[in-house]
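Read through the structure below, which is laid out as structure tokens, and then see the notes.
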Amino acid sequence: MSTSLATLIDLALLHPTLTDKELHAGCEKAKQLNVASVCIKPYAVKLAADRLRGSSVAVGTVIGFPHGSNAPEIKAAEAKLACQQGATELDMVVNVGKVMSEDWDYVERDIKAVLDVARQHKAVLKVIFENDFLTKDEWKIKLCEICGKLGVDFVKTSTGFGFVKQSSGDYNYKGATEKDVALMRKHSPPNVGIKAAGGVRTQAEALKMQELGCTRLGTSAPEPIIGGGKSTGTGY
């Protein structure tokens with residue numbers, strides 16, 4: 001059971017405060033746990049590619065992170081550089097404001113700009129919706145339809161950094177929810193995988209997400225999920 005869950009995990013090494021030493025250690029942890037991939041900060045792609053060479057762990061990074069507001073041309077250039085430096089998986093953030101504006105032509109062009117680069121480099125593309133910001137299911141459904149039409153590899157719930165102001169005045173996020181994962185699975189074609197990220201912290205939660213159709217899980221704290229003991233991650 002734990003081995004199966006380990007192979008679903010993208011180990012997130014994305015917190016702004018992570019040092020180069022901690023990123024090196026994260027790559028070593030990824031090899032020891034035999035997770036699917038690391039998802040590392042963009043400047044550290046080459047570091048991860050060097051550290052993980054010869055292992056089964058893929059090198060992933062983020063594009064337009066965390067708010068998705070870069071121009072499509074910049075996202076494409078960022079994706080190209082990442083692939084050239086050794087990334088084989090790309091997690092791009094949609095332009096949330098354009099989604100909420102229902103400018104679907106722009107949203108489709110934005111995703112396709114990165115997808116074209118991913119395909120040129122035989123890289124996997126995961127499209128992050130940032131569901132905490134998307135208060136209408138119709139927006140999430142339309143994103144699933146666009147991503148299915150384009151043929152991306154995964155749709156993903158969250159960045160883990162989509163903090164929304166709460167009624168208390170504090171900022172927090174839910175991340176992946178069972179409701180959203182079920183919705184995304186229902187409205188995505190079978191060839192598009194579902195990645196749950198943000199807030200999946202226990203083995204029980206991970207198994208539930210797997211039951212709902214997730215084939216990837218994003219976390220900075222993999223040990224409690226796969227049964228490896230106390231986590232040293234940030235809780236993403």
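Each chain of the structure tokens is named A, B, ... in the order shown, its residues numbered from 1; ligands are numbered from 1 in display order.
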
Go through region 26-92 of chain A residue by residue and, counting only C-alpha atoms, keep those with an atom at most 8 Å from region 103-116 of chain A; for each kept residue give the shortest atom pair and its distance in Å to one decimal, ordered by chain and increasing number, as a tab-separated table.
```
residue	atom	partner	partner_atom	distance
A:Ala71	CA	A:Asp110	CA	7.8
A:Pro72	CA	A:Asp110	CA	4.9
A:Glu73	CA	A:Ala113	CA	7.1
A:Lys75	CA	A:Val114	CA	6.4
A:Ala76	CA	A:Val114	CA	4.9
A:Ala79	CA	A:Val114	CA	6.4
A:Met92	CA	A:Val114	CA	7.8
```

How would the residues just chosen look if you wrote them out with C-alpha atoms as a PDB file, in the first residue's frame?
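That gives us result24.pdb:
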```pdb
ATOM      1  CA  ALA A  71       2.131  36.556 -20.186  1.00  0.00           C
ATOM      2  CA  PRO A  72       1.791  33.345 -22.226  1.00  0.00           C
ATOM      3  CA  GLU A  73       5.044  34.143 -24.019  1.00  0.00           C
ATOM      4  CA  LYS A  75       5.351  31.083 -19.495  1.00  0.00           C
ATOM      5  CA  ALA A  76       6.439  29.416 -22.729  1.00  0.00           C
ATOM      6  CA  ALA A  79       8.935  26.175 -19.804  1.00  0.00           C
ATOM      7  CA  MET A  92       1.722  25.510 -14.877  1.00  0.00           C
TER       8      MET A  92
END
```

For Ala49 (chain A), find every residue with an atom within 9 Å (counting only C-alpha atoms), except residues of its own chain fewer than 4 positions away, and show them as a tab-separated table (two decimals) with C-alpha atoms, in the first residue's frame.
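around_28.tsv written:
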```
chain	number	residue	atom	x	y	z
A	44	ALA	CA	16.99	24.78	-9.11
A	45	VAL	CA	16.00	22.55	-12.02
A	53	ARG	CA	20.41	11.56	-12.65
A	58	ALA	CA	11.48	12.66	-12.47
A	59	VAL	CA	12.46	16.33	-12.35
A	85	GLN	CA	17.90	22.35	-18.00
A	86	GLY	CA	16.47	18.89	-17.37
A	87	ALA	CA	12.82	19.18	-16.33
```

_Would you pick out the contacts of region 184-195 of chain A at 8 Å or less, using only C-alpha atoms, so that residues sharing its chain but fewer than 5 positions from it are not included, and give the list as a PyMOL selection string?_
chain A and resi 126+140-141+144-145+147-148+151-157+212-218

*asked:* Can you pull out every residue from region 12-188 of chain A that DSSP, working from the backbone, puts in strand (DSSP E), and format the result as JSON, numbers by chain?
replied: {"A": [12, 13, 37, 38, 39, 40, 58, 59, 60, 61, 62, 63, 89, 90, 91, 92, 93, 124, 125, 126, 127, 128, 154, 155, 156, 164, 165, 171, 172]}

Could you save the residues just selected, with N, CA and C atoms, as a PDB file, in the first residue's frame?
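Below is the file that was written, selection_13.pdb:
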```
ATOM      1  N   ALA A  12       6.988  18.223  -3.281  1.00  0.00           N
ATOM      2  CA  ALA A  12       7.036  19.662  -3.537  1.00  0.00           C
ATOM      3  C   ALA A  12       8.181  20.305  -2.759  1.00  0.00           C
ATOM      4  N   LEU A  13       9.094  20.932  -3.487  1.00  0.00           N
ATOM      5  CA  LEU A  13      10.220  21.666  -2.911  1.00  0.00           C
ATOM      6  C   LEU A  13      10.100  23.115  -3.378  1.00  0.00           C
ATOM      7  N   SER A  37       8.211  12.103  -8.510  1.00  0.00           N
ATOM      8  CA  SER A  37       9.011  13.236  -8.981  1.00  0.00           C
ATOM      9  C   SER A  37       9.282  14.203  -7.842  1.00  0.00           C
ATOM     10  N   VAL A  38      10.210  15.107  -8.088  1.00  0.00           N
ATOM     11  CA  VAL A  38      10.303  16.327  -7.290  1.00  0.00           C
ATOM     12  C   VAL A  38       9.682  17.442  -8.119  1.00  0.00           C
ATOM     13  N   CYS A  39       9.059  18.383  -7.430  1.00  0.00           N
ATOM     14  CA  CYS A  39       8.586  19.600  -8.095  1.00  0.00           C
ATOM     15  C   CYS A  39       9.348  20.739  -7.422  1.00  0.00           C
ATOM     16  N   ILE A  40      10.396  21.189  -8.087  1.00  0.00           N
ATOM     17  CA  ILE A  40      11.385  22.063  -7.468  1.00  0.00           C
ATOM     18  C   ILE A  40      11.252  23.490  -7.996  1.00  0.00           C
ATOM     19  N   ALA A  58      11.509  11.651 -11.418  1.00  0.00           N
ATOM     20  CA  ALA A  58      11.477  12.662 -12.474  1.00  0.00           C
ATOM     21  C   ALA A  58      11.725  14.054 -11.890  1.00  0.00           C
ATOM     22  N   VAL A  59      12.230  14.937 -12.732  1.00  0.00           N
ATOM     23  CA  VAL A  59      12.455  16.334 -12.346  1.00  0.00           C
ATOM     24  C   VAL A  59      11.299  17.173 -12.871  1.00  0.00           C
ATOM     25  N   GLY A  60      10.591  17.799 -11.943  1.00  0.00           N
ATOM     26  CA  GLY A  60       9.503  18.692 -12.317  1.00  0.00           C
ATOM     27  C   GLY A  60       9.727  20.087 -11.767  1.00  0.00           C
ATOM     28  N   THR A  61       9.048  21.049 -12.354  1.00  0.00           N
ATOM     29  CA  THR A  61       9.111  22.416 -11.844  1.00  0.00           C
ATOM     30  C   THR A  61       7.791  23.121 -12.143  1.00  0.00           C
ATOM     31  N   VAL A  62       7.689  24.350 -11.679  1.00  0.00           N
ATOM     32  CA  VAL A  62       6.455  25.119 -11.828  1.00  0.00           C
ATOM     33  C   VAL A  62       6.646  26.243 -12.852  1.00  0.00           C
ATOM     34  N   ILE A  63       5.550  26.575 -13.519  1.00  0.00           N
ATOM     35  CA  ILE A  63       5.553  27.609 -14.551  1.00  0.00           C
ATOM     36  C   ILE A  63       4.476  28.639 -14.199  1.00  0.00           C
ATOM     37  N   GLU A  89       8.779  17.340 -16.295  1.00  0.00           N
ATOM     38  CA  GLU A  89       7.397  17.568 -15.890  1.00  0.00           C
ATOM     39  C   GLU A  89       7.230  19.052 -15.560  1.00  0.00           C
ATOM     40  N   LEU A  90       6.122  19.636 -16.017  1.00  0.00           N
ATOM     41  CA  LEU A  90       5.847  21.057 -15.836  1.00  0.00           C
ATOM     42  C   LEU A  90       4.476  21.232 -15.205  1.00  0.00           C
ATOM     43  N   ASP A  91       4.420  21.973 -14.087  1.00  0.00           N
ATOM     44  CA  ASP A  91       3.151  22.286 -13.432  1.00  0.00           C
ATOM     45  C   ASP A  91       2.881  23.777 -13.637  1.00  0.00           C
ATOM     46  N   MET A  92       1.979  24.105 -14.557  1.00  0.00           N
ATOM     47  CA  MET A  92       1.722  25.510 -14.877  1.00  0.00           C
ATOM     48  C   MET A  92       0.452  25.993 -14.190  1.00  0.00           C
ATOM     49  N   VAL A  93       0.457  27.257 -13.773  1.00  0.00           N
ATOM     50  CA  VAL A  93      -0.710  27.865 -13.145  1.00  0.00           C
ATOM     51  C   VAL A  93      -1.491  28.628 -14.208  1.00  0.00           C
ATOM     52  N   VAL A 124       5.810  16.183 -19.522  1.00  0.00           N
ATOM     53  CA  VAL A 124       4.453  16.070 -18.987  1.00  0.00           C
ATOM     54  C   VAL A 124       3.972  17.457 -18.565  1.00  0.00           C
ATOM     55  N   LEU A 125       2.729  17.793 -18.901  1.00  0.00           N
ATOM     56  CA  LEU A 125       2.161  19.080 -18.484  1.00  0.00           C
ATOM     57  C   LEU A 125       0.992  18.858 -17.538  1.00  0.00           C
ATOM     58  N   LYS A 126       1.071  19.511 -16.371  1.00  0.00           N
ATOM     59  CA  LYS A 126      -0.025  19.527 -15.395  1.00  0.00           C
ATOM     60  C   LYS A 126      -0.506  20.970 -15.281  1.00  0.00           C
ATOM     61  N   VAL A 127      -1.813  21.161 -15.368  1.00  0.00           N
ATOM     62  CA  VAL A 127      -2.392  22.511 -15.346  1.00  0.00           C
ATOM     63  C   VAL A 127      -3.050  22.741 -13.991  1.00  0.00           C
ATOM     64  N   ILE A 128      -2.564  23.752 -13.273  1.00  0.00           N
ATOM     65  CA  ILE A 128      -3.050  24.056 -11.928  1.00  0.00           C
ATOM     66  C   ILE A 128      -4.200  25.053 -12.016  1.00  0.00           C
ATOM     67  N   PHE A 154      -2.305  16.254 -17.080  1.00  0.00           N
ATOM     68  CA  PHE A 154      -2.984  16.284 -15.786  1.00  0.00           C
ATOM     69  C   PHE A 154      -3.672  17.627 -15.590  1.00  0.00           C
ATOM     70  N   VAL A 155      -4.769  17.607 -14.834  1.00  0.00           N
ATOM     71  CA  VAL A 155      -5.298  18.822 -14.234  1.00  0.00           C
ATOM     72  C   VAL A 155      -5.052  18.707 -12.734  1.00  0.00           C
ATOM     73  N   LYS A 156      -4.774  19.837 -12.106  1.00  0.00           N
ATOM     74  CA  LYS A 156      -4.295  19.848 -10.715  1.00  0.00           C
ATOM     75  C   LYS A 156      -5.101  20.858  -9.910  1.00  0.00           C
ATOM     76  N   VAL A 164      -6.558  32.630   0.758  1.00  0.00           N
ATOM     77  CA  VAL A 164      -7.764  33.440   0.615  1.00  0.00           C
ATOM     78  C   VAL A 164      -8.104  34.037   1.975  1.00  0.00           C
ATOM     79  N   LYS A 165      -8.528  35.295   1.977  1.00  0.00           N
ATOM     80  CA  LYS A 165      -8.891  35.941   3.236  1.00  0.00           C
ATOM     81  C   LYS A 165     -10.126  35.286   3.828  1.00  0.00           C
ATOM     82  N   TYR A 171      -5.511  34.653   6.591  1.00  0.00           N
ATOM     83  CA  TYR A 171      -5.413  34.066   5.269  1.00  0.00           C
ATOM     84  C   TYR A 171      -5.090  32.581   5.399  1.00  0.00           C
ATOM     85  N   ASN A 172      -5.808  31.759   4.646  1.00  0.00           N
ATOM     86  CA  ASN A 172      -5.574  30.320   4.672  1.00  0.00           C
ATOM     87  C   ASN A 172      -6.050  29.729   3.351  1.00  0.00           C
TER      88      ASN A 172
END
```

*What is the CA of Ala182 (chain A)-CA of Ile146 (chain A) distance in Å, reported with one decimal?*
17.4 Å
